[in-house]
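What follows is one structure encoded as structure tokens, with my remarks underneath.
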Amino acid sequence: MHFLTQKIEFPDVTEASADGLLAVGGDLSSERLLHAYANGIFPWYEDAEPILWWSPDPRFVLFPEDLRISKSMRQILKQGKFEVSVNKAFRAVVENCAKAKREGQMGTWITDEMIEAYVSLHKLGYVKSIEVWQDNELVGGLYGVDLGSGVFCGESMFAKVSNASKAAFISFVQNSNYKLIDCQLHTKHLESLGAKHISRSDFMKFL
């Protein structure tokens, strides 16, 4: 187990445990977060825990050309039920993601500390949000890190009404030019949209 110091550095990702845990400690400064993402590492921990840094192998990703849209979802998108925007309500998206109840989770990993850290990165231009609106109300969205390498590192999404997060994700992928969307860890939701596992070594080649 690697314990981080104030120095902005991480061990090689090949030193991560079998479940992907690489290091403990450090801080959520913009400098450290940018260094982490550029090296295939992300923070994921709960309130009562120290900061935990992960680099799983395999990695769950979506190649935009593999995006799958069901017939029912195509109909919903054609009906124009949702309006989609970019970077219009970043903090609101992150705060809603923090409140979203998720299967198998007691609390949230998006702590107040995490929210402020990503708001700071957003102000620097490295994090973006996609918002979904219905009748002028924010009903879904997602956010993630964009280092300018052609890879978007998705962090979290939420939906207050059915299909809102899917609408956000599909619209985002269709209207972007990324080589790869990093989904980090497997979910059935993202698998249904075409995401799949690749090796960490293959993922690192895209960074």
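The way I read the labels, and the way they are meant: chains A, B, ... in the order of the structure tokens, residue 1 as the first residue of every chain, and ligand 1 as the first ligand shown, with later ones counted on from there.
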Notebook entry, point to check: Where does DSSP see strand (DSSP E or B) in stretch 6-199 of chain A, if you list the residues as a PyMOL selection string?
Noted result: chain A and resi 21-25+42-43+52-54+59-62+83-86+127-134+137-146+151-159+180-184+196-198
Next item on the list: Run DSSP on the backbone and give me the residues of stretch 23-176 of chain A it puts in helix (DSSP H, G or I), as a ChimeraX atom specification.
Entry: /A:30-38,64-66,71-78,90-99,112-123,164-174
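The protein and nucleic acid residues lying at most 10 Å from A:Ser176 are Pro64, Gly150, Phe152, Ser171, Phe172, Val173, Gln174, Tyr178 and Lys179 of chain A, with only C-alpha atoms considered and sequence neighbours fewer than 2 positions away removed.
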Item checked: Neighbour list for A:Gln134 as a list in words, cut-off 7 Å, only C-alpha atoms, skip fewer than 3 positions in-chain -> Lys81, Phe82, Glu83, Glu137, Leu138 and Val139 of chain A
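For the residues A:Trp53, A:Phe10, A:Phe169, A:Phe63, ranking by smallest atom-to-atom distance to A:Val84 using only C-alpha atoms places A:Phe169 first.
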Notebook entry, point to check: Which distance in Å separates atom CA of A:Asp66 and atom CA of A:Ile130, to one decimal?
Noted result: 20.2 Å
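You will find atom CA of A:Glu49 at 28.8 Å from atom CA of A:Glu191.
Rounded to one decimal, atom CA of A:Glu113 and atom CA of A:Trp133 lie 26.7 Å from each other.
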